>>> print(open('query15.cif').read())   # mmCIF, C-alpha atoms
data_model
loop_
_atom_site.label_atom_id
_atom_site.label_comp_id
_atom_site.auth_asym_id
_atom_site.auth_seq_id
_atom_site.Cartn_x
_atom_site.Cartn_y
_atom_site.Cartn_z
CA MET N 1 -31.37 -2.59 -11.95
CA GLY N 2 -28.65 -3.80 -9.56
CA GLU N 3 -24.94 -3.90 -10.21
CA ARG N 4 -23.40 -7.23 -11.20
CA ILE N 5 -19.83 -7.60 -10.00
CA VAL N 6 -17.61 -10.65 -10.46
CA VAL N 7 -14.84 -11.34 -7.94
CA THR N 8 -12.01 -13.17 -9.68
CA SER N 9 -8.29 -13.88 -9.34
CA GLY N 10 -7.00 -16.62 -11.64
CA LYS N 11 -5.08 -18.28 -8.82
CA GLY N 12 -6.89 -20.19 -6.09
CA GLY N 13 -6.54 -19.51 -2.41
CA VAL N 14 -6.08 -15.75 -2.55
CA GLY N 15 -9.38 -15.04 -0.79
CA LYS N 16 -12.07 -14.58 -3.46
CA THR N 17 -14.79 -16.29 -1.44
CA THR N 18 -13.98 -14.49 1.80
CA LEU N 19 -13.83 -11.14 0.02
CA THR N 20 -17.12 -11.75 -1.82
CA LEU N 21 -18.85 -12.68 1.44
CA ASN N 22 -17.52 -9.73 3.40
CA ILE N 23 -18.23 -7.11 0.76
CA GLY N 24 -21.75 -8.54 0.56
CA ALA N 25 -22.13 -8.56 4.34
CA SER N 26 -20.95 -4.96 4.59
CA LEU N 27 -23.31 -3.78 1.86
CA ALA N 28 -26.20 -5.64 3.52
CA MET N 29 -25.35 -4.03 6.87
CA ARG N 30 -25.93 -0.66 5.19
CA GLY N 31 -29.36 -1.64 3.97
CA LYS N 32 -28.52 -2.84 0.45
CA ARG N 33 -30.15 -5.98 -0.91
CA VAL N 34 -27.32 -8.32 -1.87
CA ALA N 35 -27.25 -11.63 -3.76
CA LEU N 36 -24.08 -13.71 -3.55
CA VAL N 37 -23.68 -16.21 -6.38
CA ASP N 38 -21.28 -19.13 -5.91
CA THR N 39 -20.28 -20.17 -9.43
CA ASP N 40 -17.66 -22.69 -8.32
CA LEU N 41 -19.69 -25.69 -9.51
CA GLY N 42 -18.36 -28.89 -8.00
CA LEU N 43 -16.32 -27.05 -5.37
CA ARG N 44 -19.00 -25.27 -3.37
CA ASN N 45 -17.60 -23.19 -0.51
CA LEU N 46 -19.34 -19.88 -0.04
CA ASP N 47 -22.12 -21.58 1.96
CA VAL N 48 -19.71 -22.93 4.61
CA VAL N 49 -17.63 -19.76 4.88
CA MET N 50 -20.89 -17.87 5.32
CA GLY N 51 -22.21 -20.45 7.80
CA VAL N 52 -25.50 -21.28 6.05
CA GLU N 53 -24.62 -24.76 4.76
CA ASP N 54 -27.46 -26.33 6.75
CA LYS N 55 -30.02 -24.28 4.87
CA VAL N 56 -29.03 -25.25 1.34
CA VAL N 57 -31.84 -27.17 -0.39
CA TYR N 58 -31.57 -26.34 -4.08
CA ASP N 59 -28.63 -24.87 -5.97
CA LEU N 60 -27.68 -22.79 -9.00
CA VAL N 61 -27.93 -25.70 -11.43
CA ASP N 62 -31.39 -26.67 -10.08
CA ALA N 63 -32.54 -23.10 -10.76
CA VAL N 64 -30.97 -22.97 -14.23
CA GLU N 65 -32.41 -26.34 -15.23
CA GLY N 66 -35.85 -25.47 -13.88
CA ARG N 67 -36.07 -28.00 -11.04
CA CYS N 68 -36.95 -25.14 -8.73
CA ARG N 69 -37.78 -21.47 -8.95
CA LEU N 70 -34.81 -19.14 -8.51
CA LYS N 71 -36.29 -17.84 -5.27
CA GLN N 72 -36.45 -21.37 -3.82
CA ALA N 73 -32.72 -21.85 -4.36
CA MET N 74 -31.77 -18.60 -2.62
CA VAL N 75 -30.60 -19.02 0.99
CA GLN N 76 -31.21 -16.08 3.30
CA ASP N 77 -28.88 -15.17 6.12
CA ALA N 78 -30.93 -14.35 9.21
CA ARG N 79 -28.16 -12.10 10.57
CA PHE N 80 -28.74 -9.43 7.93
CA SER N 81 -32.51 -8.93 8.18
CA GLY N 82 -32.99 -10.96 5.03
CA ARG N 83 -30.88 -8.59 2.94
CA LEU N 84 -27.97 -11.00 2.35
CA THR N 85 -28.88 -13.96 0.17
CA LEU N 86 -26.82 -16.79 -1.30
CA LEU N 87 -27.34 -18.76 -4.48
CA PRO N 88 -25.22 -21.84 -3.70
CA ALA N 89 -23.18 -23.70 -6.31
CA ALA N 90 -24.05 -27.29 -7.18
CA GLN N 91 -21.67 -29.69 -5.49
CA THR N 92 -22.23 -32.72 -7.71
CA ARG N 93 -21.98 -31.16 -11.16
CA ASP N 94 -19.06 -29.66 -13.05
CA LYS N 95 -18.28 -26.33 -14.64
CA ASP N 96 -19.61 -27.27 -18.09
CA THR N 97 -23.14 -27.89 -16.77
CA VAL N 98 -24.05 -24.24 -17.26
CA THR N 99 -23.48 -22.04 -20.32
CA ALA N 100 -22.39 -18.41 -20.40
CA GLN N 101 -25.79 -17.49 -21.81
CA GLN N 102 -27.64 -19.20 -18.94
CA MET N 103 -25.44 -17.41 -16.44
CA ARG N 104 -26.13 -14.06 -18.08
CA ALA N 105 -29.89 -14.66 -17.88
CA LEU N 106 -29.61 -15.79 -14.26
CA THR N 107 -27.71 -12.75 -13.04
CA ALA N 108 -29.96 -10.43 -15.06
CA GLU N 109 -32.95 -11.88 -13.21
CA LEU N 110 -31.18 -11.39 -9.87
CA ALA N 111 -30.23 -7.81 -10.74
CA GLU N 112 -33.94 -6.99 -11.00
CA GLN N 113 -34.47 -7.97 -7.35
CA PHE N 114 -31.17 -7.03 -5.70
CA ASP N 115 -29.06 -3.87 -5.48
CA TYR N 116 -25.84 -5.88 -5.79
CA VAL N 117 -25.18 -9.25 -7.37
CA LEU N 118 -21.72 -10.44 -6.29
CA ILE N 119 -20.43 -13.36 -8.33
CA ASP N 120 -17.76 -15.53 -6.69
CA CYS N 121 -15.69 -16.87 -9.58
CA PRO N 122 -13.88 -20.23 -9.53
CA ALA N 123 -10.09 -20.31 -9.80
CA GLY N 124 -8.68 -20.86 -13.27
CA ILE N 125 -9.51 -19.31 -16.63
CA GLU N 126 -11.60 -22.08 -18.16
CA GLN N 127 -15.37 -22.45 -18.60
CA GLY N 128 -16.19 -21.67 -14.98
CA PHE N 129 -14.34 -18.35 -15.25
CA LYS N 130 -15.99 -17.56 -18.58
CA ASN N 131 -19.45 -18.25 -17.14
CA ALA N 132 -18.87 -16.13 -14.06
CA VAL N 133 -17.57 -13.23 -16.12
CA ALA N 134 -20.40 -13.52 -18.66
CA GLY N 135 -22.88 -12.69 -15.90
CA ALA N 136 -21.09 -9.52 -14.79
CA ASP N 137 -20.75 -5.89 -15.85
CA GLN N 138 -17.91 -5.06 -13.46
CA ALA N 139 -15.02 -6.97 -11.96
CA ILE N 140 -12.91 -7.01 -8.84
CA VAL N 141 -9.55 -8.74 -9.26
CA VAL N 142 -8.15 -10.14 -6.01
CA THR N 143 -4.49 -10.91 -5.58
CA MET N 144 -1.86 -11.42 -2.92
CA PRO N 145 1.46 -9.59 -3.07
CA GLU N 146 3.20 -12.73 -4.18
CA ILE N 147 4.76 -13.52 -7.53
CA SER N 148 2.47 -16.32 -8.79
CA ALA N 149 -0.74 -14.62 -7.63
CA VAL N 150 0.20 -11.34 -9.31
CA ARG N 151 1.13 -13.06 -12.55
CA ASP N 152 -2.21 -14.88 -12.64
CA ALA N 153 -4.06 -11.67 -11.78
CA ASP N 154 -2.37 -9.99 -14.71
CA LYS N 155 -3.54 -12.74 -17.02
CA VAL N 156 -7.10 -12.42 -15.72
CA ILE N 157 -7.06 -8.63 -16.16
CA GLY N 158 -6.11 -9.14 -19.82
CA LEU N 159 -8.99 -11.60 -20.26
CA LEU N 160 -11.49 -9.26 -18.54
CA LEU N 161 -10.54 -6.38 -20.81
CA ALA N 162 -11.03 -8.70 -23.78
CA CYS N 163 -14.48 -9.66 -22.39
CA ASP N 164 -15.67 -6.02 -22.46
CA ILE N 165 -15.29 -5.41 -18.76
CA PRO N 166 -13.58 -2.07 -19.27
CA SER N 167 -12.26 -1.15 -15.85
CA PRO N 168 -11.56 -3.97 -13.40
CA ARG N 169 -10.50 -2.84 -9.94
CA LEU N 170 -7.85 -4.40 -7.72
CA VAL N 171 -7.96 -5.69 -4.16
CA VAL N 172 -4.62 -6.67 -2.65
CA ASN N 173 -5.46 -9.27 -0.04
CA ARG N 174 -3.51 -10.83 2.81
CA LEU N 175 -0.81 -8.24 3.05
CA HIS N 176 1.79 -9.13 5.69
CA THR N 177 2.71 -5.79 7.21
CA LYS N 178 5.82 -7.16 8.91
CA LEU N 179 7.19 -8.81 5.78
CA VAL N 180 6.62 -5.66 3.73
CA ARG N 181 8.42 -3.59 6.34
CA ARG N 182 11.36 -6.00 6.23
CA GLY N 183 11.48 -5.80 2.43
CA ASP N 184 10.44 -9.44 2.00
CA MET N 185 7.04 -8.85 0.43
CA MET N 186 5.99 -6.61 -2.41
CA SER N 187 4.23 -3.57 -1.03
CA LEU N 188 0.72 -2.52 -1.91
CA ARG N 189 2.18 0.17 -4.07
CA ASP N 190 4.46 -2.26 -5.97
CA THR N 191 1.61 -4.67 -6.60
CA ALA N 192 -0.77 -1.99 -7.87
CA GLU N 193 1.96 -0.48 -10.01
CA VAL N 194 2.85 -3.77 -11.69
CA LEU N 195 -0.78 -4.60 -12.49
CA GLY N 196 -1.73 -1.08 -13.57
CA ILE N 197 -5.42 -1.05 -12.67
CA PRO N 198 -7.19 1.19 -10.11
CA LEU N 199 -6.91 0.04 -6.51
CA LEU N 200 -10.21 -0.66 -4.76
CA GLY N 201 -8.69 -1.72 -1.47
CA ALA N 202 -6.12 -3.61 0.55
CA VAL N 203 -6.71 -6.14 3.30
CA PRO N 204 -4.11 -7.10 5.92
CA ASP N 205 -3.52 -10.78 6.66
CA GLU N 206 -5.23 -11.30 9.98
CA ASP N 207 -5.98 -14.30 12.19
CA ALA N 208 -9.50 -12.95 12.77
CA VAL N 209 -10.41 -13.70 9.14
CA ILE N 210 -9.43 -17.37 9.52
CA ARG N 211 -11.32 -17.56 12.80
CA ALA N 212 -14.38 -16.03 11.15
CA GLY N 213 -14.23 -18.67 8.40
CA ASN N 214 -13.93 -21.45 10.99
CA LEU N 215 -17.01 -20.16 12.78
CA GLY N 216 -19.02 -19.48 9.63
CA LYS N 217 -19.44 -15.87 10.62
CA PRO N 218 -18.48 -13.06 8.21
CA ALA N 219 -15.42 -11.15 9.50
CA ALA N 220 -17.22 -7.90 8.60
CA LEU N 221 -19.48 -8.50 11.62
CA ASN N 222 -16.47 -8.28 13.96
CA GLY N 223 -13.89 -5.61 14.64
CA GLY N 224 -10.28 -5.59 13.53
CA ARG N 225 -8.24 -4.15 10.72
CA ALA N 226 -9.26 -6.70 8.09
CA SER N 227 -12.90 -6.09 8.94
CA THR N 228 -12.40 -2.34 8.57
CA ALA N 229 -10.69 -2.99 5.23
CA PHE N 230 -13.73 -4.96 4.01
CA HIS N 231 -16.07 -2.16 5.07
CA ASN N 232 -13.87 0.39 3.32
CA ILE N 233 -14.01 -1.62 0.10
CA ALA N 234 -17.81 -1.72 0.33
CA SER N 235 -17.83 2.05 0.91
CA ARG N 236 -15.78 2.62 -2.24
CA ILE N 237 -18.16 0.39 -4.21
CA LEU N 238 -20.93 2.70 -2.97
CA GLY N 239 -18.93 5.61 -4.38
CA GLU N 240 -17.61 7.00 -1.11
CA ASP N 241 -14.13 8.46 -1.00
CA VAL N 242 -12.43 6.52 1.81
CA PRO N 243 -8.66 6.74 2.31
CA LEU N 244 -6.59 3.56 2.36
CA MET N 245 -5.28 2.26 5.65
CA ALA N 246 -1.52 2.53 6.05
CA LEU N 247 -0.44 -1.10 5.79
CA ASP N 248 3.13 -0.65 4.60
CA SER N 249 6.27 0.81 6.02
CA GLU N 250 5.85 3.78 3.73
CA PRO N 251 4.59 6.98 5.31
CA ALA N 252 0.81 6.97 4.98
CA ARG N 253 0.58 10.30 3.23
CA ALA N 254 3.03 9.48 0.48
CA LEU N 255 1.15 6.26 -0.16
CA LEU N 256 -2.22 7.93 -0.32
CA LYS N 257 -0.87 10.55 -2.63
CA PHE N 258 0.57 7.94 -4.95
CA LEU N 259 -2.74 6.14 -5.13
CA GLY N 260 -4.62 9.34 -5.82
CA PHE N 261 -6.67 9.35 -2.62
CA ALA N 262 -5.13 12.51 -1.21
CA GLY N 263 -3.43 15.62 -2.51
CA MET U 2 17.30 -3.32 11.31
CA LEU U 3 14.23 -3.07 9.12
CA ARG U 4 15.84 -4.89 6.20
CA SER U 5 16.14 -8.64 6.00
CA LYS U 6 19.27 -9.97 7.64
CA ARG U 7 19.96 -12.13 4.63
CA GLY U 8 20.79 -8.88 2.93
CA GLU U 9 18.62 -9.30 -0.13
CA ASN U 10 15.39 -7.36 -0.44
CA SER U 11 13.29 -10.22 -1.79
CA GLY U 12 10.20 -8.05 -2.30
CA ARG U 13 12.13 -5.90 -4.74
CA VAL U 14 13.53 -8.97 -6.50
CA ALA U 15 9.96 -10.30 -6.87
CA LYS U 16 8.82 -7.05 -8.42
CA GLU U 17 11.64 -6.98 -10.98
CA ARG U 18 11.15 -10.63 -11.90
CA LEU U 19 7.43 -10.03 -12.34
CA LYS U 20 7.97 -7.04 -14.59
CA ASN U 21 10.09 -9.16 -16.89
CA VAL U 22 7.70 -12.10 -16.93
CA LEU U 23 4.66 -9.89 -17.52
CA ARG U 24 6.30 -8.07 -20.39
CA GLU U 25 6.43 -11.36 -22.24
CA ASP U 26 3.03 -12.60 -21.00
CA ARG U 27 1.33 -9.42 -22.19
CA THR U 28 2.86 -9.08 -25.61
CA GLN U 29 2.13 -12.59 -26.84
CA MET U 30 4.34 -11.64 -29.76
CA SER U 31 7.25 -13.71 -30.94
CA ALA U 32 10.79 -12.45 -30.58
CA ALA U 33 10.90 -12.17 -34.38
CA THR U 34 7.84 -9.89 -34.44
CA ILE U 35 9.33 -7.66 -31.77
CA ALA U 36 12.61 -7.49 -33.69
CA ALA U 37 10.74 -6.53 -36.89
CA MET U 38 8.81 -3.83 -35.03
CA ARG U 39 12.05 -2.48 -33.58
CA ALA U 40 13.64 -2.36 -37.04
CA ASP U 41 10.63 -0.47 -38.44
CA ILE U 42 10.75 2.07 -35.64
CA VAL U 43 14.45 2.65 -36.34
CA GLU U 44 13.73 3.07 -40.05
CA VAL U 45 10.96 5.64 -39.52
CA LEU U 46 12.85 7.68 -36.94
CA SER U 47 16.06 7.64 -38.95
CA ALA U 48 14.59 10.23 -41.31
CA TYR U 49 14.72 12.70 -38.40
CA ALA U 50 17.43 11.58 -36.01
CA GLN U 51 20.28 9.14 -35.60
CA VAL U 52 18.87 6.07 -33.91
CA LYS U 53 20.35 2.61 -33.45
CA ASP U 54 18.49 -0.64 -33.01
CA ALA U 55 19.98 -1.16 -29.56
CA ASP U 56 18.55 2.19 -28.39
CA VAL U 57 14.93 1.12 -28.87
CA ASN U 58 13.26 -0.19 -25.70
CA LEU U 59 9.72 -1.46 -26.02
CA TYR U 60 7.42 -1.71 -22.99
CA LEU U 61 3.86 -2.84 -22.54
CA LEU U 62 2.12 -1.03 -19.71
CA ARG U 63 -1.40 -1.08 -18.46
CA GLY U 64 -2.97 2.23 -17.73
CA SER U 65 -6.19 4.20 -17.67
CA ALA U 66 -7.45 6.04 -20.70
CA GLY U 67 -10.58 7.86 -19.56
CA ASP U 68 -12.79 5.30 -17.84
CA GLU U 69 -11.12 2.39 -19.52
CA THR U 70 -8.04 0.42 -18.64
CA ARG U 71 -5.96 -0.39 -21.68
CA LEU U 72 -2.72 -2.00 -22.59
CA MET U 73 -0.34 0.64 -23.85
CA MET U 74 2.83 0.20 -25.78
CA GLU U 75 5.61 2.54 -24.94
CA ALA U 76 8.79 2.85 -26.95
CA LYS U 77 11.72 4.64 -25.39
CA VAL U 78 14.27 5.55 -28.00
CA GLY U 79 17.71 6.86 -27.24
CA VAL U 80 18.73 9.48 -29.79
CA ARG U 81 22.44 9.68 -30.71
CA SER U 82 22.23 12.81 -32.79
CA ARG U 83 19.40 15.08 -33.82
CA THR U 84 20.38 14.95 -37.46
CA ALA U 85 19.03 12.29 -39.79
CA GLY U 86 20.93 9.04 -39.46
#
>>> encode(input="query15.cif", output="C-alpha cells")
Amino acid sequence: MGERIVVTSGKGGVGKTTLTLNIGASLAMRGKRVALVDTDLGLRNLDVVMGVEDKVVYDLVDAVEGRCRLKQAMVQDARFSGRLTLLPAAQTRDKDTVTAQQMRALTAELAEQFDYVLIDCPAGIEQGFKNAVAGADQAIVVTMPEISAVRDADKVIGLLLACDIPSPRLVVNRLHTKLVRRGDMMSLRDTAEVLGIPLLGAVPDEDAVIRAGNLGKPAALNGGRASTAFHNIASRILGEDVPLMALDSEPARALLKFLGFAG
Amino acid sequence: MLRSKRGENSGRVAKERLKNVLREDRTQMSAATIAAMRADIVEVLSAYAQVKDADVNLYLLRGSAGDETRLMMEAKVGVRSRTAG
C-alpha cells in the first residue's frame, strides 16, 4: 500500500504544483512508482508544468464518473521510465463535481498500484481542499516566508489537524537569500517557529525553477540549489536524514541545531 | 551593511505582526471568553499565591506531542507574592 500525501497551502501561487511535480520526479528517479493527482478541477495546471499536456485524453472526473478506466486517464512521463504518472484534473468542470468519498476511493485505488500518491491541492479551503485532503493520510504544507502566505498556511494546518492528519510537515518555498540576509524577509527559522510544525525542507527562489516550468521540464532533472532542495525533500520523505542547506545569513550549524538535524 | 538602509528590519516586523494575528486566528474565542478564562485562572491560583489579572498572559502555540502536532495553550502568570492573595 503506497503513501498518500497531499500538498497544500491555503494561498495560491506559493508553489504547490511545482513542489508536487518535483518531489514526484525525484522519487521516480530513485525507482519509486509515483502517481501525481491534480485535484484543481477547472484550473488544471500540473500537466503543463510537467510538460505532458499533449498526452491528456481523459481526466480525473472521467475516471470517477466511469467514462474511462482509471488506467486510461493516467498520463505517463516517458522521461522517468514509466514510473512518473499523472492523473490530470478536468478543465471544464468545477470543484463540486467530485465528492470527498469519491476522492478517497480514487486515491485508495492508486495507492494499490503506486508507492507514492502525491495529491496537488487547489488553493483555498473550500470543497476542492476538502476533497484533496480526504484522499490523503499525510500532508505537506507549502508556504513562502511572507505574511499572507504564512497566515493562510497556519489556517490550513489547523484544518488538517481537525481532519485527522496528525502531523503535517512544512516546506518553506521561494526563500530569497539576499532579502533574508538584509533583514527584509522572515528567515526559515522564523517561519518554522511561527507555524510550529516539523520542517520537511526549504527551497531557495531560483530562476531555474521558472525556466523549468516554461520548458515543461521538472527542475529536479537539472542542477542548481532549488533542484538539490527538491531532491533533499524527497530523501526526507523516504526517511533519510539529510541536513538542510544553509539558505539564511545565520551560521549553518546554529540553524541545523535549532531544527534538530544536528547536535 | 547587511541591514536594510531604511533602518527597519521588516522581516522581524512581519514575524511580530504574524504572531499577533495568529494568536487571534487560532483561539477563535471571543474577547469575553478569554477574559472569563483569565479571571478563573486568577481565582484558582489565588488560593496559593498573589496573582493579579494583568499578570496572566495566555498564548496558543503549536507543538509536537509524541507523533502528533497539537495546539497548546500556555499561560504565563506573574506571581507578586508566594502567599495566598
>>> residues_around(input="query15.cif", residues="Val43 (chain U)", least_positions_apart="2", cutoff="10 Å", atoms="all atoms listed in the file", output="list in words")
Ala37, Met38, Arg39, Ala40, Asp41, Val45, Leu46, Ser47, Ala48, Ala50, Gln51, Val52, Lys53, Asp54, Ala55, Asp56, Val57, Val78 and Gly86 of chain U
>>> residues_around(input="query15.cif", residues="Met144 (chain N)", least_positions_apart="2", cutoff="8 Å", atoms="only C-alpha atoms", output="PyMOL selection string")
chain N and resi 14+142+146+149-150+172-175
>>> residues_around(input="query15.cif", residues="Leu62 (chain U)", least_positions_apart="5", cutoff="7 Å", atoms="all atoms listed in the file", output="short mmCIF file (atom, residue, chain, number, x, y, z; two decimals) with C-alpha atoms, in the coordinates of the input")
data_model
loop_
_atom_site.label_atom_id
_atom_site.label_comp_id
_atom_site.auth_asym_id
_atom_site.auth_seq_id
_atom_site.Cartn_x
_atom_site.Cartn_y
_atom_site.Cartn_z
CA LEU U 72 -2.72 -2.00 -22.59
CA MET U 73 -0.34 0.64 -23.85
CA MET U 74 2.83 0.20 -25.78
#
>>> closest_residue(input="query15.cif", among="U:Ala15, U:Leu61, U:Ala66, U:Ala76", to="Met30 (chain U)", atoms="all atoms listed in the file")
U:Leu61
>>> residues_around(input="query15.cif", residues="Cys121 (chain N)", least_positions_apart="2", cutoff="12 Å", atoms="all atoms listed in the file", output="VMD selection string")
chain N and resid 5 to 20 36 to 41 43 to 46 89 95 103 118 to 119 123 to 136 139 to 142 156
>>> resolve_selection(input="query15.cif", expression="the PyMOL selection byres ((chain N) within 6 of (chain U))", output="compact mmCIF listing (two decimals) with C-alpha atoms, in the frame of the given file")
# COMPACT_ATOMS: atom_id res chain seq x y z
CA PRO N 166 -13.58 -2.07 -19.27
CA SER N 167 -12.26 -1.15 -15.85
CA ARG N 182 11.36 -6.00 6.23
CA GLY N 183 11.48 -5.80 2.43
CA ASP N 184 10.44 -9.44 2.00
CA MET N 185 7.04 -8.85 0.43
CA MET N 186 5.99 -6.61 -2.41
CA GLY N 196 -1.73 -1.08 -13.57
>>> closest_residue(input="query15.cif", among="N:Glu53, N:Asp115, N:Glu65, N:Asp94", to="Arg4 (chain N)", atoms="all atoms listed in the file")
N:Asp115
>>> resolve_selection(input="query15.cif", expression="the PyMOL selection byres ((chain N and resi 76) around 12)", output="number ranges by chain")
N: 25, 28, 33-36, 47, 50-57, 71-75, 77-88
>>> write_last_selection(input="query15.cif", atoms="C-alpha atoms", output="PDB file, in the frame of the given file")
ATOM      1  CA  ALA N  25     -22.130  -8.560   4.340  1.00  0.00           C
ATOM      2  CA  ALA N  28     -26.200  -5.640   3.520  1.00  0.00           C
ATOM      3  CA  ARG N  33     -30.150  -5.980  -0.910  1.00  0.00           C
ATOM      4  CA  VAL N  34     -27.320  -8.320  -1.870  1.00  0.00           C
ATOM      5  CA  ALA N  35     -27.250 -11.630  -3.760  1.00  0.00           C
ATOM      6  CA  LEU N  36     -24.080 -13.710  -3.550  1.00  0.00           C
ATOM      7  CA  ASP N  47     -22.120 -21.580   1.960  1.00  0.00           C
ATOM      8  CA  MET N  50     -20.890 -17.870   5.320  1.00  0.00           C
ATOM      9  CA  GLY N  51     -22.210 -20.450   7.800  1.00  0.00           C
ATOM     10  CA  VAL N  52     -25.500 -21.280   6.050  1.00  0.00           C
ATOM     11  CA  GLU N  53     -24.620 -24.760   4.760  1.00  0.00           C
ATOM     12  CA  ASP N  54     -27.460 -26.330   6.750  1.00  0.00           C
ATOM     13  CA  LYS N  55     -30.020 -24.280   4.870  1.00  0.00           C
ATOM     14  CA  VAL N  56     -29.030 -25.250   1.340  1.00  0.00           C
ATOM     15  CA  VAL N  57     -31.840 -27.170  -0.390  1.00  0.00           C
ATOM     16  CA  LYS N  71     -36.290 -17.840  -5.270  1.00  0.00           C
ATOM     17  CA  GLN N  72     -36.450 -21.370  -3.820  1.00  0.00           C
ATOM     18  CA  ALA N  73     -32.720 -21.850  -4.360  1.00  0.00           C
ATOM     19  CA  MET N  74     -31.770 -18.600  -2.620  1.00  0.00           C
ATOM     20  CA  VAL N  75     -30.600 -19.020   0.990  1.00  0.00           C
ATOM     21  CA  ASP N  77     -28.880 -15.170   6.120  1.00  0.00           C
ATOM     22  CA  ALA N  78     -30.930 -14.350   9.210  1.00  0.00           C
ATOM     23  CA  ARG N  79     -28.160 -12.100  10.570  1.00  0.00           C
ATOM     24  CA  PHE N  80     -28.740  -9.430   7.930  1.00  0.00           C
ATOM     25  CA  SER N  81     -32.510  -8.930   8.180  1.00  0.00           C
ATOM     26  CA  GLY N  82     -32.990 -10.960   5.030  1.00  0.00           C
ATOM     27  CA  ARG N  83     -30.880  -8.590   2.940  1.00  0.00           C
ATOM     28  CA  LEU N  84     -27.970 -11.000   2.350  1.00  0.00           C
ATOM     29  CA  THR N  85     -28.880 -13.960   0.170  1.00  0.00           C
ATOM     30  CA  LEU N  86     -26.820 -16.790  -1.300  1.00  0.00           C
ATOM     31  CA  LEU N  87     -27.340 -18.760  -4.480  1.00  0.00           C
ATOM     32  CA  PRO N  88     -25.220 -21.840  -3.700  1.00  0.00           C
TER      33      PRO N  88
END
>>> residues_around(input="query15.cif", residues="Asp62 (chain N)", least_positions_apart="5", cutoff="8 Å", atoms="all atoms listed in the file", output="PDB file with C-alpha atoms, keeping the file's coordinate frame")
ATOM      1  CA  ARG N  67     -36.070 -28.000 -11.040  1.00  0.00           C
ATOM      2  CA  CYS N  68     -36.950 -25.140  -8.730  1.00  0.00           C
ATOM      3  CA  ALA N  73     -32.720 -21.850  -4.360  1.00  0.00           C
ATOM      4  CA  ALA N  90     -24.050 -27.290  -7.180  1.00  0.00           C
TER       5      ALA N  90
END
>>> resolve_selection(input="query15.cif", expression="the PyMOL selection byres ((chain N and resi 234) around 12)", output="count of residues only")
37
>>> atom_distance(input="query15.cif", atom1="CA of Asp205 (chain N)", atom2="CA of Ala226 (chain N)")
7.2 Å
>>> atom_distance(input="query15.cif", atom1="CA of Gly79 (chain U)", atom2="CA of Glu44 (chain U)")
13.9 Å
>>> atom_distance(input="query15.cif", atom1="CA of Pro204 (chain N)", atom2="CA of Glu3 (chain N)")
26.5 Å
>>> closest_residue(input="query15.cif", among="N:Leu244, N:Leu110, N:Leu170, N:Val98", to="Ala192 (chain N)", atoms="only C-alpha atoms")
N:Leu170
>>> decode(input="query15.cif", residues="region 89-106 of chain N", atoms="C-alpha atoms", output="PDB file, in the first residue's frame")
ATOM      1  CA  ALA N  89      -7.689  17.465 -13.423  1.00  0.00           C
ATOM      2  CA  ALA N  90     -10.782  18.145 -15.508  1.00  0.00           C
ATOM      3  CA  GLN N  91     -10.611  21.577 -17.087  1.00  0.00           C
ATOM      4  CA  THR N  92     -14.301  22.070 -17.824  1.00  0.00           C
ATOM      5  CA  ARG N  93     -15.846  21.047 -14.509  1.00  0.00           C
ATOM      6  CA  ASP N  94     -15.792  22.661 -11.081  1.00  0.00           C
ATOM      7  CA  LYS N  95     -14.724  21.616  -7.614  1.00  0.00           C
ATOM      8  CA  ASP N  96     -18.146  20.306  -6.578  1.00  0.00           C
ATOM      9  CA  THR N  97     -18.198  17.682  -9.347  1.00  0.00           C
ATOM     10  CA  VAL N  98     -16.412  15.180  -7.120  1.00  0.00           C
ATOM     11  CA  THR N  99     -17.197  14.220  -3.515  1.00  0.00           C
ATOM     12  CA  ALA N 100     -14.755  13.560  -0.691  1.00  0.00           C
ATOM     13  CA  GLN N 101     -15.851   9.929  -0.688  1.00  0.00           C
ATOM     14  CA  GLN N 102     -15.125   9.514  -4.404  1.00  0.00           C
ATOM     15  CA  MET N 103     -11.704  11.065  -3.924  1.00  0.00           C
ATOM     16  CA  ARG N 104     -10.939   8.712  -1.053  1.00  0.00           C
ATOM     17  CA  ALA N 105     -11.858   5.686  -3.191  1.00  0.00           C
ATOM     18  CA  LEU N 106      -9.803   7.010  -6.103  1.00  0.00           C
TER      19      LEU N 106
END
